[in-house]
Structures are given as structure tokens and as C-alpha cells.
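Containing mmCIF, C-alpha atoms: run_37.cif.
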data_target
#
loop_
_atom_site.label_atom_id
_atom_site.label_comp_id
_atom_site.auth_asym_id
_atom_site.auth_seq_id
_atom_site.Cartn_x
_atom_site.Cartn_y
_atom_site.Cartn_z
CA MET A 1 -96.91 113.57 -151.10
CA LYS A 2 -94.96 112.23 -154.06
CA GLN A 3 -92.98 110.12 -151.64
CA LEU A 4 -96.15 108.83 -150.00
CA VAL A 5 -97.53 107.53 -153.30
CA GLU A 6 -94.14 106.15 -154.26
CA ASP A 7 -93.81 104.24 -150.98
CA ILE A 8 -97.28 102.75 -151.27
CA ALA A 9 -96.81 101.77 -154.91
CA LYS A 10 -93.42 100.18 -154.23
CA ALA A 11 -94.94 98.05 -151.49
CA LEU A 12 -97.63 96.78 -153.87
CA VAL A 13 -95.71 95.96 -157.04
CA ASP A 14 -93.34 93.17 -158.01
CA ILE A 15 -90.82 95.49 -159.67
CA PRO A 16 -90.34 98.46 -157.31
CA GLU A 17 -87.43 99.80 -159.38
CA GLU A 18 -89.89 100.72 -162.10
CA VAL A 19 -92.13 102.81 -159.89
CA ALA A 20 -91.96 106.50 -160.77
CA VAL A 21 -94.10 109.37 -159.57
CA ARG A 22 -94.18 112.82 -161.12
CA GLU A 23 -95.77 115.75 -159.36
CA VAL A 24 -97.55 118.31 -161.55
CA GLU A 25 -98.57 121.38 -159.60
CA GLY A 26 -101.67 123.17 -160.75
CA GLU A 27 -103.25 126.22 -159.18
CA GLN A 28 -105.87 124.33 -157.21
CA VAL A 29 -104.78 120.76 -157.58
CA THR A 30 -101.58 118.78 -157.58
CA VAL A 31 -101.62 115.84 -159.94
CA LEU A 32 -99.48 112.86 -159.07
CA GLU A 33 -98.68 110.75 -162.07
CA LEU A 34 -97.82 107.19 -161.16
CA ARG A 35 -95.99 104.91 -163.53
CA VAL A 36 -95.30 101.25 -162.87
CA ALA A 37 -94.09 98.32 -164.95
CA PRO A 38 -96.87 97.19 -167.34
CA SER A 39 -97.01 93.84 -165.56
CA ASP A 40 -97.65 95.65 -162.26
CA LEU A 41 -100.56 97.79 -163.44
CA GLY A 42 -103.10 95.37 -162.03
CA LYS A 43 -101.36 95.51 -158.65
CA VAL A 44 -101.85 99.26 -158.25
CA ILE A 45 -105.34 99.28 -159.74
CA GLY A 46 -106.76 96.19 -158.05
CA LYS A 47 -110.02 94.37 -158.57
CA GLN A 48 -112.63 96.83 -159.81
CA GLY A 49 -110.14 99.58 -159.16
CA ARG A 50 -110.27 98.99 -155.44
CA THR A 51 -106.57 99.44 -154.74
CA ALA A 52 -106.41 102.65 -156.76
CA ARG A 53 -109.45 103.91 -154.86
CA SER A 54 -107.75 103.15 -151.54
CA ILE A 55 -104.61 105.05 -152.59
CA ARG A 56 -106.80 108.00 -153.63
CA THR A 57 -108.62 107.93 -150.29
CA ILE A 58 -105.31 108.15 -148.43
CA LEU A 59 -104.10 110.89 -150.74
CA GLY A 60 -107.32 112.82 -150.21
CA ALA A 61 -107.11 112.63 -146.43
CA ALA A 62 -103.41 113.50 -146.36
CA GLY A 63 -104.07 116.43 -148.71
CA MET A 64 -106.82 117.71 -146.45
CA LYS A 65 -104.23 118.19 -143.72
CA LEU A 66 -102.20 120.32 -146.11
CA ASN A 67 -105.27 122.17 -147.40
CA ARG A 68 -104.51 121.05 -150.90
CA ARG A 69 -106.19 118.75 -153.36
CA PHE A 70 -104.21 115.91 -154.81
CA THR A 71 -105.31 113.62 -157.58
CA LEU A 72 -103.72 110.38 -158.67
CA GLU A 73 -103.29 109.50 -162.32
CA ILE A 74 -102.11 106.01 -163.09
CA LEU A 75 -100.34 106.13 -166.44
CA GLU A 76 -100.22 103.14 -168.75
CA MET B 77 -113.62 80.66 -140.08
CA SER B 78 -111.13 77.85 -139.67
CA GLU B 79 -107.91 77.87 -137.71
CA LYS B 80 -105.46 80.73 -137.63
CA LYS B 81 -103.31 81.32 -140.62
CA TYR B 82 -101.63 84.61 -139.75
CA SER B 83 -99.79 85.41 -136.55
CA LEU B 84 -98.12 88.55 -135.25
CA ALA B 85 -94.85 86.63 -135.04
CA LYS B 86 -95.08 86.00 -138.77
CA ILE B 87 -96.46 89.23 -140.19
CA GLY B 88 -96.44 91.81 -137.38
CA SER B 89 -93.17 93.33 -138.52
CA ARG B 90 -94.33 93.41 -142.14
CA ILE B 91 -97.46 95.28 -141.13
CA ASP B 92 -95.26 97.77 -139.26
CA ALA B 93 -92.92 98.12 -142.23
CA PHE B 94 -95.80 99.18 -144.44
CA LEU B 95 -97.98 101.11 -142.04
CA LYS B 96 -95.56 103.10 -139.88
CA PRO B 97 -93.85 105.10 -142.64
CA LEU B 98 -97.17 105.57 -144.42
CA LEU B 99 -98.89 107.10 -141.38
CA LYS B 100 -95.90 109.35 -140.80
CA ARG B 101 -95.68 110.55 -144.39
CA ALA B 102 -99.41 111.20 -144.54
CA ARG B 103 -99.18 113.02 -141.18
CA PHE B 104 -102.06 111.04 -139.74
CA GLN B 105 -101.93 111.59 -135.98
CA VAL B 106 -102.69 108.05 -134.92
CA LYS B 107 -101.06 105.17 -133.16
CA TYR B 108 -101.99 101.54 -133.40
CA GLU B 109 -101.68 98.33 -131.48
CA MET B 110 -101.85 94.87 -132.90
CA SER B 111 -103.34 91.86 -131.16
CA GLU B 112 -104.31 88.32 -132.01
CA GLY B 113 -107.76 86.78 -132.08
CA GLU B 114 -109.76 89.56 -130.52
CA THR B 115 -113.40 89.94 -131.44
CA ALA B 116 -116.56 91.27 -129.86
CA HIS B 117 -118.77 89.24 -132.22
CA PRO B 118 -117.26 85.78 -132.66
CA ASP B 119 -120.32 84.62 -134.64
CA PHE B 120 -119.70 87.27 -137.26
CA GLU B 121 -116.00 88.04 -137.35
CA ASN B 122 -112.97 86.04 -136.30
CA PRO B 123 -109.92 87.90 -137.48
CA ASP B 124 -106.51 86.37 -136.82
CA ILE B 125 -105.09 89.82 -136.21
CA THR B 126 -106.73 93.05 -135.08
CA VAL B 127 -105.05 96.43 -135.56
CA LYS B 128 -106.57 99.08 -133.30
CA PHE B 129 -106.02 102.77 -133.90
CA THR B 130 -106.16 105.57 -131.37
CA GLY B 131 -105.22 109.22 -131.44
CA ALA B 132 -106.27 112.64 -132.60
CA ASP B 133 -107.05 111.61 -136.18
CA VAL B 134 -109.26 108.65 -135.41
CA ASP B 135 -112.28 110.67 -136.59
CA LEU B 136 -110.58 111.14 -139.94
CA LEU B 137 -110.09 107.37 -140.15
CA LEU B 138 -113.76 106.76 -139.42
CA ALA B 139 -115.30 109.43 -141.65
CA ASN B 140 -117.56 108.23 -144.51
CA ARG B 141 -118.19 104.76 -143.11
CA ALA B 142 -114.54 104.34 -142.08
CA GLU B 143 -113.37 104.94 -145.63
CA LEU B 144 -109.79 105.77 -144.64
CA LEU B 145 -109.54 102.98 -142.07
CA LEU B 146 -110.68 100.45 -144.66
CA ALA B 147 -108.37 101.90 -147.30
CA LEU B 148 -105.41 101.46 -144.96
CA GLU B 149 -106.56 97.94 -144.18
CA GLN B 150 -106.92 97.00 -147.82
CA LEU B 151 -103.55 98.40 -148.88
CA THR B 152 -101.83 96.72 -145.95
CA MET B 153 -103.29 93.36 -146.95
CA GLU B 154 -102.30 93.92 -150.58
CA SER B 155 -98.77 94.80 -149.50
CA LEU B 156 -98.66 91.48 -147.62
CA ARG B 157 -99.84 89.74 -150.82
CA MET B 158 -102.78 88.22 -148.98
CA PRO B 159 -105.26 86.46 -151.27
CA SER B 160 -108.67 88.15 -151.15
CA ASP B 161 -110.18 85.04 -149.53
CA ASP B 162 -108.07 85.85 -146.49
CA HIS B 163 -109.10 89.46 -146.18
CA ALA B 164 -111.38 88.84 -143.21
CA ARG B 165 -108.39 87.53 -141.26
CA ILE B 166 -107.05 90.99 -140.54
CA SER B 167 -109.31 93.61 -139.07
CA PHE B 168 -108.49 97.29 -138.66
CA ASP B 169 -110.52 98.99 -135.99
CA ALA B 170 -110.92 102.22 -134.04
CA ASN B 171 -113.43 103.25 -131.38
CA ASP B 172 -115.11 99.84 -131.74
CA TYR B 173 -116.27 100.75 -135.23
CA ARG B 174 -116.38 97.11 -136.31
CA ALA B 175 -118.55 95.93 -133.44
CA LEU B 176 -120.90 98.89 -133.78
CA ARG B 177 -121.23 98.35 -137.51
CA ILE B 178 -122.06 94.68 -136.97
CA GLU B 179 -124.75 95.69 -134.47
CA GLU B 180 -126.13 98.15 -136.97
CA LEU B 181 -126.19 95.54 -139.76
CA ARG B 182 -127.86 92.98 -137.50
CA MET B 183 -130.57 95.45 -136.61
CA SER B 184 -131.13 96.36 -140.26
CA ALA B 185 -131.30 92.68 -141.14
CA ALA B 186 -133.87 92.00 -138.42
CA ALA B 187 -136.01 94.99 -139.39
CA ALA B 188 -135.88 94.08 -143.07
CA ALA B 189 -136.77 90.44 -142.33
CA GLU B 190 -139.79 91.60 -140.33
CA LYS B 191 -140.92 93.74 -143.23
CA VAL B 192 -140.54 90.90 -145.75
CA LYS B 193 -142.52 88.56 -143.47
CA ARG B 194 -145.27 91.13 -143.05
CA THR B 195 -145.60 92.23 -146.65
CA GLY B 196 -144.39 89.19 -148.60
CA VAL B 197 -142.39 91.57 -150.80
CA PRO B 198 -138.61 91.12 -151.27
CA PHE B 199 -136.37 93.72 -149.68
CA SER B 200 -133.19 94.95 -151.27
CA PHE B 201 -130.32 96.50 -149.27
CA ASN B 202 -127.95 99.13 -150.55
CA PRO B 203 -124.73 97.78 -152.08
CA MET B 204 -122.26 96.52 -149.46
CA ASN B 205 -118.84 94.97 -149.42
CA SER B 206 -118.51 91.21 -149.00
CA ARG B 207 -117.79 91.34 -145.28
CA GLU B 208 -120.92 93.35 -144.59
CA ARG B 209 -123.07 91.16 -146.84
CA ARG B 210 -121.82 88.17 -144.91
CA VAL B 211 -122.98 89.73 -141.65
CA ILE B 212 -126.49 90.17 -143.08
CA HIS B 213 -126.63 86.58 -144.31
CA LEU B 214 -125.41 85.25 -140.96
CA ALA B 215 -127.85 87.42 -139.04
CA LEU B 216 -130.74 85.87 -140.99
CA ARG B 217 -129.79 82.25 -140.37
CA SER B 218 -132.18 82.14 -137.46
CA GLU B 219 -135.09 83.41 -139.58
CA PRO B 220 -136.61 80.38 -141.33
CA ALA B 221 -139.42 82.46 -142.87
CA VAL B 222 -137.05 84.38 -145.12
CA ARG B 223 -133.98 83.68 -147.18
CA SER B 224 -131.26 86.04 -148.37
CA GLU B 225 -129.20 86.19 -151.49
CA SER B 226 -126.51 88.45 -152.89
CA SER B 227 -127.19 89.77 -156.36
CA GLY B 228 -125.80 92.34 -158.74
CA THR B 229 -122.42 92.74 -160.34
CA ALA B 230 -119.11 93.26 -158.61
CA GLY B 231 -118.78 96.54 -156.80
CA PHE B 232 -122.56 96.94 -156.61
CA ARG B 233 -123.48 93.63 -155.06
CA LYS B 234 -126.24 93.82 -152.54
CA VAL B 235 -128.26 91.51 -150.35
CA VAL B 236 -131.87 90.82 -151.21
CA ILE B 237 -134.23 89.20 -148.68
CA TYR B 238 -137.06 87.04 -150.04
CA PRO B 239 -139.93 85.24 -148.33
CA ALA B 240 -138.63 81.68 -147.81
CA GLY B 241 -140.78 80.13 -150.56
CA MET B 242 -140.31 82.79 -153.20
CA PRO B 243 -137.94 82.00 -156.07
CA SER B 244 -135.38 84.56 -157.20
CA PRO B 245 -136.22 86.54 -160.32
CA ALA B 246 -135.58 84.32 -163.35
CA THR B 247 -132.89 86.54 -164.81
CA PRO B 248 -130.90 88.62 -162.35
CA PRO B 249 -130.94 92.32 -163.22
CA GLU B 250 -128.44 92.78 -166.05
CA PRO B 251 -126.08 95.71 -166.32
CA PRO B 252 -127.18 98.16 -169.02
CA ALA B 253 -127.11 96.47 -172.43
CA PRO B 254 -124.15 97.34 -174.63
CA PRO B 255 -124.93 100.28 -176.92
CA ARG B 256 -126.52 99.12 -180.11
CA PRO B 257 -124.60 99.90 -183.28
CA SER B 258 -126.17 103.28 -183.93
CA ARG B 259 -124.99 103.45 -187.51
CA GLY B 260 -126.88 100.32 -188.47
CA ARG B 261 -129.99 101.54 -186.73
CA SER B 262 -130.08 104.94 -188.37
CA ARG B 263 -129.57 103.32 -191.72
CA SER B 264 -132.48 100.96 -191.20
CA ALA B 265 -134.60 103.88 -190.01
CA ARG B 266 -133.96 105.58 -193.29
CA ARG B 267 -134.84 102.37 -195.08
#
Just give me the structure of the file as C-alpha cells.
Amino acid sequence: MKQLVEDIAKALVDIPEEVAVREVEGEQVTVLELRVAPSDLGKVIGKQGRTARSIRTILGAAGMKLNRRFTLEILE
Amino acid sequence: MSEKKYSLAKIGSRIDAFLKPLLKRARFQVKYEMSEGETAHPDFENPDITVKFTGADVDLLLANRAELLLALEQLTMESLRMPSDDHARISFDANDYRALRIEELRMSAAAAAEKVKRTGVPFSFNPMNSRERRVIHLALRSEPAVRSESSGTAGFRKVVIYPAGMPSPATPPEPPAPPRPSRGRSRSARR
């Protein structure tokens, strides 16, 4: 799932080398922390957070197949 | 919409490059086919490229008003760096969702227009995205007795239908006012 978020983020940003995802496993939930270059933050968040919402939707559906909840945190 | 701007020859392989690995990693059991200039409702939608999904997980794509389908569509267009003005030029579809949704919106528009004509009271739809609002506006072009307008702030914009002669409210509904400086207020309350 880390790789999924990483692939999506890399396709959206201008500086893919600076994309990093960290997976933090909780009991119920896995948190995916996404870091991108400061200049790329807008690219992964999108207008009114639309892009971030789309990534979360995909993550939610993919997690459902694994019976696990995933949440995305975009770190500044 | 004007002439074609995107072709499969130009961006088909870039769509594949984004979408194929994504679907595989997410384990979505779907396949897709791309085609050019297909539409069931040329008056409402004229995408340059249509991407049609089939397979076991199509229901997952279409759940919650096609939330996942539209998320895939949006991210694909962002990955292609398409300006948002062009976002109607690519249409993701499955089980004729798009055509059925347009039918649904047309019927809602007609029913709402009838109601406004009968009662003389404006009718306000639920918030919709820009493509769906456009369908409502287009559907009402043939109704001279009413007019439609989008109002509200980004993300919550919705269509309102008015009787043709009725002006819009003088000030559109504002988002909640910024919190007043509470410190100042409590001080003045104490006098």
C-alpha cells in the first residue's frame, strides 16, 4: 500500500525524487505518511483538497480488499 | 465543446502508464478500454477520450455515486497535467454510469423546473460538481419560464432554479462569518 501511494504521488509531483512514504502500523489502522517537496504540496492536495481526497478514496477501496483501514497523512 | 484536443495517439500510452500499475497495486479487478469521441448524450458531454471499465470490481468503482471511478479519473487527469478547464475532455465510465447519471439529472431538472413554475418559489439542488451542474443548466435551456444559476462557495456549489423574472438574492449566502474577537467582546460585556 506504501508503494501504491508512492506511485500515485510520484506521478503527480514535479520532483518525484523527494516523494517519501512511511508506513505506521497501528492495531486497527495503518497510517501512511506522505512527504513531498514543499513546492509540490499543492500538487498532492489539489484544489479544495480534491486530489488528496481522490488518493484517500483509492486507498480506502484498496484497503477494503485487504480488510484493513488505511489513512493518508500529508506531512508539511 | 470545441474541436478535439486530446487523442489516444498522443496520451493513450500516458494514461496506461499511470492507470495500469495503479489498478494492479490496488488489486482492483477491472480492465479498461479507451476510445475516442464516444458519447450517448452529445448535447451534454463530448469527451475526446472515453475510458470504459469492466470486470468483477466495477461495483466497487461505482459505489457512492461512482466515487472511486471519479477519483481514478481525476488523478489520471492530474498525472497528465491537464488544466481543469479540460477535465470534461476525458470521461471514465462503467456500466453506462455517465449516461444514466445524465438522464437522472435531466429528470431532476425537469421536475424542479415544473415545481418552480407552479409555486413561483426558487428551488435549490444539493451541491454538485461542475460537470453535473452544467448538465442541469443545459437541461433547462429549453425552459424559458425559469432560469438557473450556480451559487455557493467552491466545493459546495449548487444550482438554484428561479422563476425567469425573479432576481437573485441581493447578497449570495455568505460562509459563516469569521469568529469575532472573543476577548474584546467579553471585555466590553464587563464594561
Self-check item: Residue IDs satisfying the PyMOL selection byres ((chain A and resi 8) around 12), as number ranges by chain
Solution: A: 1-7, 9-13, 16, 19-21, 34, 36, 43-44, 51-52, 54-56, 58-59; B: 93-99, 101-102, 147-148, 150-156
Self-check item: Point-to-point distance from atom CA of Ser160 of chain B to atom CA of Ser83 of chain B, Å rounded to tenths
Solution: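 Those two atoms sit 17.3 Å apart.
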Practice problem: Provide the atom CA of Leu181 of chain B to atom CA of Arg194 of chain B distance in Å, to one decimal place. | Solution: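 Separation of atom CA of Leu181 of chain B and atom CA of Arg194 of chain B: 19.9 Å.
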Just the residues within 12 Å of Pro118 of chain B, please, counting only C-alpha atoms, with nothing from its chain fewer than 5 positions along; format it as a PDB file with C-alpha atoms, in the frame of the given file.
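After the write, selection.pdb holds the following:
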ATOM      1  CA  MET B  77    -113.620  80.660-140.080  1.00  0.00           C
ATOM      2  CA  GLY B 113    -107.760  86.780-132.080  1.00  0.00           C
ATOM      3  CA  PRO B 123    -109.920  87.900-137.480  1.00  0.00           C
ATOM      4  CA  ASP B 124    -106.510  86.370-136.820  1.00  0.00           C
ATOM      5  CA  ARG B 174    -116.380  97.110-136.310  1.00  0.00           C
ATOM      6  CA  ALA B 175    -118.550  95.930-133.440  1.00  0.00           C
ATOM      7  CA  ILE B 178    -122.060  94.680-136.970  1.00  0.00           C
ATOM      8  CA  VAL B 211    -122.980  89.730-141.650  1.00  0.00           C
ATOM      9  CA  LEU B 214    -125.410  85.250-140.960  1.00  0.00           C
TER      10      LEU B 214
END
Quiz item: Which one is closest to chain B: A:Val31, A:Val24, A:Ile74, A:Ile45? Count all atoms listed in the file.
Solution: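 Smallest distance to chain B is found for A:Ile45.
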Quiz item: What is the distance between atom CA of Asp169 of chain B and atom CA of Ser184 of chain B, in Å to one decimal?
Solution: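 Computed distance, atom CA of Asp169 of chain B to atom CA of Ser184 of chain B, equals 21.2 Å.
Among A:Thr71, A:Pro38, A:Arg22, A:Asp14, the residue with the shortest atom-to-atom distance to chain B, counting all atoms listed in the file, is A:Asp14.
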Practice problem: Would you kindly translate the PyMOL selection byres ((chain B and resi 127) around 12) into the concrete residues it picks from this file, as an NGL selection string? | Solution: :B and (84 or 88 or 91-92 or 95 or 106-115 or 123-126 or 128-130 or 145-146 or 148-149 or 152-153 or 165-172 or 174)
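Shortest separation to chain A among B:Thr229, B:Ser218, B:Ser89, B:Ser200 occurs at residue B:Thr229, atoms counted being only C-alpha atoms.
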Exercise. Could you check which of A:Glu27, A:Phe70, A:Thr57, A:Glu76 is closest to Glu143 of chain B, using all atoms listed in the file?
Key: A:Thr57
Quiz item: Residues at most 12 Å from Arg217 of chain B, counting only C-alpha atoms, excluding those fewer than 4 positions away in the same chain, as a list in words?
Solution: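 Result of the neighbour search: Asp119, Phe120, Arg182, Ala185, Ala186, Ala189, Arg210, Val211, Ile212, His213, Ala221, Val222, Arg223, Ser224, Glu225, Ile237 and Ala240 of chain B.
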Restricting the output to C-alpha atoms, write the selected residues as a PDB file, keeping the file's coordinate frame.
ATOM      1  CA  ASP B 119    -120.320  84.620-134.640  1.00  0.00           C
ATOM      2  CA  PHE B 120    -119.700  87.270-137.260  1.00  0.00           C
ATOM      3  CA  ARG B 182    -127.860  92.980-137.500  1.00  0.00           C
ATOM      4  CA  ALA B 185    -131.300  92.680-141.140  1.00  0.00           C
ATOM      5  CA  ALA B 186    -133.870  92.000-138.420  1.00  0.00           C
ATOM      6  CA  ALA B 189    -136.770  90.440-142.330  1.00  0.00           C
ATOM      7  CA  ARG B 210    -121.820  88.170-144.910  1.00  0.00           C
ATOM      8  CA  VAL B 211    -122.980  89.730-141.650  1.00  0.00           C
ATOM      9  CA  ILE B 212    -126.490  90.170-143.080  1.00  0.00           C
ATOM     10  CA  HIS B 213    -126.630  86.580-144.310  1.00  0.00           C
ATOM     11  CA  ALA B 221    -139.420  82.460-142.870  1.00  0.00           C
ATOM     12  CA  VAL B 222    -137.050  84.380-145.120  1.00  0.00           C
ATOM     13  CA  ARG B 223    -133.980  83.680-147.180  1.00  0.00           C
ATOM     14  CA  SER B 224    -131.260  86.040-148.370  1.00  0.00           C
ATOM     15  CA  GLU B 225    -129.200  86.190-151.490  1.00  0.00           C
ATOM     16  CA  ILE B 237    -134.230  89.200-148.680  1.00  0.00           C
ATOM     17  CA  ALA B 240    -138.630  81.680-147.810  1.00  0.00           C
TER      18      ALA B 240
END
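Candidate residues B:Gly241, B:Gly231, B:Pro203, B:Gly131 were compared for distance to chain A, and the nearest is B:Gly231, using all atoms listed in the file.
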Exercise. Rank nothing, just name the residue among B:Leu138, B:Ala164, B:Val197, B:Leu176 nearest to chain A, using all atoms listed in the file.
Key: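 Looking at the shortest contact to chain A, the residue is B:Leu138.
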Exercise. Would you list the contacts of Ala37 of chain A as a VMD selection string, taking every protein, DNA or RNA residue within 7 Å and counting only C-alpha atoms, but skipping same-chain residues closer than 3 positions in sequence?
Key: chain A and resid 15 18 40 to 41
Let's have the selection written as an mmCIF file, keeping the file's coordinate frame, with C-alpha atoms.
data_model
loop_
_atom_site.group_PDB
_atom_site.id
_atom_site.type_symbol
_atom_site.label_atom_id
_atom_site.label_comp_id
_atom_site.auth_asym_id
_atom_site.auth_seq_id
_atom_site.Cartn_x
_atom_site.Cartn_y
_atom_site.Cartn_z
ATOM 1 C CA ILE A 15 -90.820 95.490 -159.670
ATOM 2 C CA GLU A 18 -89.890 100.720 -162.100
ATOM 3 C CA ASP A 40 -97.650 95.650 -162.260
ATOM 4 C CA LEU A 41 -100.560 97.790 -163.440
#
